[in-house]
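Single-structure report; data block below.
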Amino acid sequence: MTSVEPQSLEGGCTCRAVRYRMTDKPLFVHCCRCRWCQRETGSAFALNAMIEADRVILLQGEPEVVPTPSNSGKGQKITRCPQCRIALWSNYAGSGEAVRFVRVGTLDEPDRLPPDIHIFTSSKQPWVVIPPGMPAVDEYYDDRKKHWPKESLERRAALLRRPS
């Protein structure tokens with residue numbers, strides 16, 4: 001699990017028009033190496049901290065939600081600064097509005113949230129080296145119990161019990 005302490009983490013866009021705070025540590029941090037994320041970020045991967053939406057507090061600004069296609073075909077909603085257009089977080093169809101996938105690079109201290117797992121490594125750039133011992137899967141994983149810590153599984157279960 002991530003090395004972040006329970007205290008909050010703050011982040012925002014490049015122009016600082018939008019600022020937010022994560023009030024808890026994330027459920028899990030994915031380093032996604034699929035071609036779709038490579039295209040969206042213009043980089044070799046996307047680093048997303050999954051966290052309950054009610055644990056991400058908007059501190060400043062009015063971000064814009066942009067509906068965007070996704071590899072699953074179900075789409076995603078990317079929340080961006082309306083001025084500098086930086087992607088701050090996404091909501092994917094599978095998790096709906098309940099879970100935000102916060103872009104770790106928008107945090108003031110992104111080094112505090114290293115990835116818990118590398119996913120879609122079958123399409124990673126060939127020059128990328130995943131550290132030995134780091135959890136990694138060719139595509140996506142089906143068994144959260146195998147990869148997620150108990151506390152995160154409990155938080156997810158509580159989230160699923162909430163009325164929609």
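Numbering starts fresh at 1 for the residues of each chain in the structure tokens, the chains themselves are lettered A, B, ... in the order given, and ligands are numbered from 1 as they appear.
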Residues near Arg103 of chain A, cut-off 7 Å, only C-alpha atoms, skip fewer than 6 positions along chain, as a VMD selection string: chain A and resid 47 to 49 88 to 89
Residues from last step as file, N, CA and C atoms, as a PDB file, in the first residue's frame:
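Listed below is the output, result-v4.pdb:
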ATOM      1  N   LEU A  47      -0.512   7.823 -13.806  1.00  0.00           N
ATOM      2  CA  LEU A  47      -0.409   7.425 -12.407  1.00  0.00           C
ATOM      3  C   LEU A  47      -1.637   7.967 -11.688  1.00  0.00           C
ATOM      4  N   ASN A  48      -2.529   7.059 -11.288  1.00  0.00           N
ATOM      5  CA  ASN A  48      -3.819   7.439 -10.708  1.00  0.00           C
ATOM      6  C   ASN A  48      -3.982   6.903  -9.295  1.00  0.00           C
ATOM      7  N   ALA A  49      -4.332   7.796  -8.378  1.00  0.00           N
ATOM      8  CA  ALA A  49      -4.635   7.429  -6.999  1.00  0.00           C
ATOM      9  C   ALA A  49      -6.149   7.313  -6.871  1.00  0.00           C
ATOM     10  N   LEU A  88      -7.078  16.840 -13.649  1.00  0.00           N
ATOM     11  CA  LEU A  88      -6.870  16.684 -12.211  1.00  0.00           C
ATOM     12  C   LEU A  88      -7.291  15.300 -11.719  1.00  0.00           C
ATOM     13  N   TRP A  89      -8.418  14.805 -12.213  1.00  0.00           N
ATOM     14  CA  TRP A  89      -8.886  13.464 -11.879  1.00  0.00           C
ATOM     15  C   TRP A  89      -9.905  13.009 -12.905  1.00  0.00           C
TER      16      TRP A  89
END
Every residue of segment 15-150 of chain A that DSSP places in alpha helix (DSSP H), as a list in words: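 Alpha helix (DSSP H) assignments inside segment 15-150 of chain A correspond to Arg35, Trp36, Cys37, Gln38, Arg39, Glu40, Thr41, Arg144, Lys145, Lys146, His147 and Lys150 of chain A.
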Export of the given selection (all heavy atoms) as a tab-separated table (two decimals), in the first residue's frame:
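Ended up saving to selection_0.tsv:
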chain	number	residue	atom	x	y	z
A	35	ARG	N	-1.97	1.81	-23.94
A	35	ARG	CA	-1.77	2.79	-25.02
A	35	ARG	C	-2.74	3.96	-24.88
A	35	ARG	O	-2.43	5.08	-25.25
A	35	ARG	CB	-1.94	2.13	-26.38
A	35	ARG	CG	-0.94	1.03	-26.66
A	35	ARG	CD	0.43	1.58	-26.91
A	35	ARG	NE	1.31	0.46	-27.27
A	35	ARG	CZ	2.61	0.53	-27.24
A	35	ARG	NH1	3.21	1.63	-26.88
A	35	ARG	NH2	3.33	-0.51	-27.58
A	36	TRP	N	-3.93	3.68	-24.37
A	36	TRP	CA	-4.93	4.74	-24.20
A	36	TRP	C	-4.39	5.80	-23.22
A	36	TRP	O	-4.44	7.00	-23.51
A	36	TRP	CB	-6.24	4.14	-23.68
A	36	TRP	CG	-7.40	5.01	-23.95
A	36	TRP	CD1	-7.85	6.03	-23.15
A	36	TRP	CD2	-8.26	4.99	-25.08
A	36	TRP	NE1	-8.93	6.63	-23.72
A	36	TRP	CE2	-9.23	6.00	-24.90
A	36	TRP	CE3	-8.34	4.20	-26.22
A	36	TRP	CZ2	-10.23	6.25	-25.82
A	36	TRP	CZ3	-9.34	4.44	-27.13
A	36	TRP	CH2	-10.27	5.46	-26.93
A	37	CYS	N	-3.89	5.38	-22.09
A	37	CYS	CA	-3.34	6.33	-21.11
A	37	CYS	C	-2.09	7.02	-21.65
A	37	CYS	O	-1.85	8.19	-21.37
A	37	CYS	CB	-3.03	5.63	-19.79
A	37	CYS	SG	-4.51	5.29	-18.80
A	38	GLN	N	-1.29	6.29	-22.43
A	38	GLN	CA	-0.12	6.92	-23.04
A	38	GLN	C	-0.56	8.07	-23.94
A	38	GLN	O	0.03	9.16	-23.91
A	38	GLN	CB	0.68	5.88	-23.83
A	38	GLN	CG	1.38	4.87	-22.94
A	38	GLN	CD	2.11	3.81	-23.73
A	38	GLN	OE1	2.68	4.08	-24.78
A	38	GLN	NE2	2.10	2.58	-23.22
A	39	ARG	N	-1.60	7.85	-24.72
A	39	ARG	CA	-2.10	8.89	-25.63
A	39	ARG	C	-2.67	10.07	-24.83
A	39	ARG	O	-2.40	11.23	-25.14
A	39	ARG	CB	-3.17	8.31	-26.55
A	39	ARG	CG	-3.66	9.27	-27.60
A	39	ARG	CD	-4.69	8.66	-28.54
A	39	ARG	NE	-4.24	7.42	-29.16
A	39	ARG	CZ	-4.68	6.20	-28.82
A	39	ARG	NH1	-5.61	6.04	-27.90
A	39	ARG	NH2	-4.21	5.12	-29.42
A	40	GLU	N	-3.48	9.76	-23.81
A	40	GLU	CA	-4.11	10.84	-23.03
A	40	GLU	C	-3.10	11.72	-22.31
A	40	GLU	O	-3.31	12.91	-22.16
A	40	GLU	CB	-5.07	10.24	-22.00
A	40	GLU	CG	-6.40	9.88	-22.56
A	40	GLU	CD	-7.35	9.41	-21.49
A	40	GLU	OE1	-6.98	9.39	-20.29
A	40	GLU	OE2	-8.48	9.08	-21.85
A	41	THR	N	-2.02	11.11	-21.82
A	41	THR	CA	-1.04	11.87	-21.04
A	41	THR	C	0.11	12.40	-21.87
A	41	THR	O	0.85	13.27	-21.42
A	41	THR	CB	-0.46	11.02	-19.90
A	41	THR	OG1	0.25	9.91	-20.48
A	41	THR	CG2	-1.54	10.53	-18.97
A	144	ARG	N	-8.98	-8.24	-6.52
A	144	ARG	CA	-8.50	-7.16	-5.65
A	144	ARG	C	-7.89	-7.72	-4.37
A	144	ARG	O	-6.95	-7.16	-3.84
A	144	ARG	CB	-9.63	-6.19	-5.32
A	144	ARG	CG	-9.94	-5.23	-6.40
A	144	ARG	CD	-11.03	-4.23	-5.97
A	144	ARG	NE	-11.47	-3.49	-7.12
A	144	ARG	CZ	-12.42	-3.90	-7.97
A	144	ARG	NH1	-13.01	-5.05	-7.77
A	144	ARG	NH2	-12.76	-3.16	-9.00
A	145	LYS	N	-8.47	-8.81	-3.85
A	145	LYS	CA	-7.98	-9.40	-2.59
A	145	LYS	C	-6.52	-9.80	-2.69
A	145	LYS	O	-5.82	-9.81	-1.69
A	145	LYS	CB	-8.84	-10.61	-2.20
A	145	LYS	CG	-10.24	-10.23	-1.79
A	145	LYS	CD	-11.05	-11.46	-1.45
A	145	LYS	CE	-12.49	-11.06	-1.16
A	145	LYS	NZ	-13.35	-12.22	-0.97
A	146	LYS	N	-6.08	-10.12	-3.87
A	146	LYS	CA	-4.68	-10.52	-4.07
A	146	LYS	C	-3.73	-9.32	-4.02
A	146	LYS	O	-2.57	-9.45	-3.65
A	146	LYS	CB	-4.55	-11.23	-5.42
A	146	LYS	CG	-3.17	-11.71	-5.74
A	146	LYS	CD	-3.14	-12.45	-7.07
A	146	LYS	CE	-1.73	-12.85	-7.43
A	146	LYS	NZ	-1.66	-13.50	-8.73
A	147	HIS	N	-4.23	-8.13	-4.38
A	147	HIS	CA	-3.35	-6.97	-4.53
A	147	HIS	C	-3.62	-5.83	-3.53
A	147	HIS	O	-2.68	-5.15	-3.14
A	147	HIS	CB	-3.47	-6.41	-5.95
A	147	HIS	CG	-3.06	-7.40	-7.00
A	147	HIS	ND1	-1.75	-7.73	-7.24
A	147	HIS	CD2	-3.79	-8.14	-7.85
A	147	HIS	CE1	-1.68	-8.63	-8.20
A	147	HIS	NE2	-2.91	-8.90	-8.59
A	150	LYS	N	-6.05	-4.91	3.15
A	150	LYS	CA	-7.33	-5.17	3.82
A	150	LYS	C	-8.11	-3.87	4.06
A	150	LYS	O	-9.32	-3.81	3.83
A	150	LYS	CB	-7.08	-5.90	5.14
A	150	LYS	CG	-8.34	-6.27	5.87
A	150	LYS	CD	-8.05	-7.02	7.14
A	150	LYS	CE	-9.38	-7.37	7.80
A	150	LYS	NZ	-9.33	-7.35	9.22
Long-range neighbours of Thr121 of chain A as number ranges by chain, 7 Å cut-off, only C-alpha atoms, 6 positions minimum in chain: A: 33, 136-139
Counting only C-alpha atoms, the option among A:Leu153, A:Met134, A:Cys34, A:Met50 closest to Ser70 of chain A: A:Cys34
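Reported to one decimal place, the separation of atom CA of Glu62 of chain A from atom CA of Ala158 of chain A is 28.9 Å.
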Distance query Gly73 of chain A at most 12 Å, only C-alpha atoms, self and fewer than 2 positions along chain excluded, as a ChimeraX atom specification: /A:36,68-71,75-76,92-94
Those in segment 5-152 of chain A with strand (DSSP E or B) from DSSP, as a PyMOL selection string: chain A and resi 9-12+19-22+28-32+46-52+56-60+64-68+76-80+87-92+99-103+107+117-119+136
Residue contacts of Arg156 of chain A (10 Å, only C-alpha atoms) excluding same-chain residues fewer than 2 positions away, as JSON, numbers by chain: {"A": [27, 51, 52, 98, 99, 150, 151, 152, 153, 154, 158, 159, 160, 161]}
Among the residues A:Pro26, A:Cys84, A:Ile117, A:Thr14, the one that comes closest to Tyr140 of chain A [using only C-alpha atoms]: A:Ile117
Distance in Å - atom CA of Ser90 of chain A versus atom CA of Pro135 of chain A: 23.1 Å
Point-to-point distance from atom CA of Ser43 of chain A to atom CA of Ala17 of chain A, Å rounded to tenths: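 So the two atoms, atom CA of Ser43 of chain A and atom CA of Ala17 of chain A, lie 23.8 Å apart.
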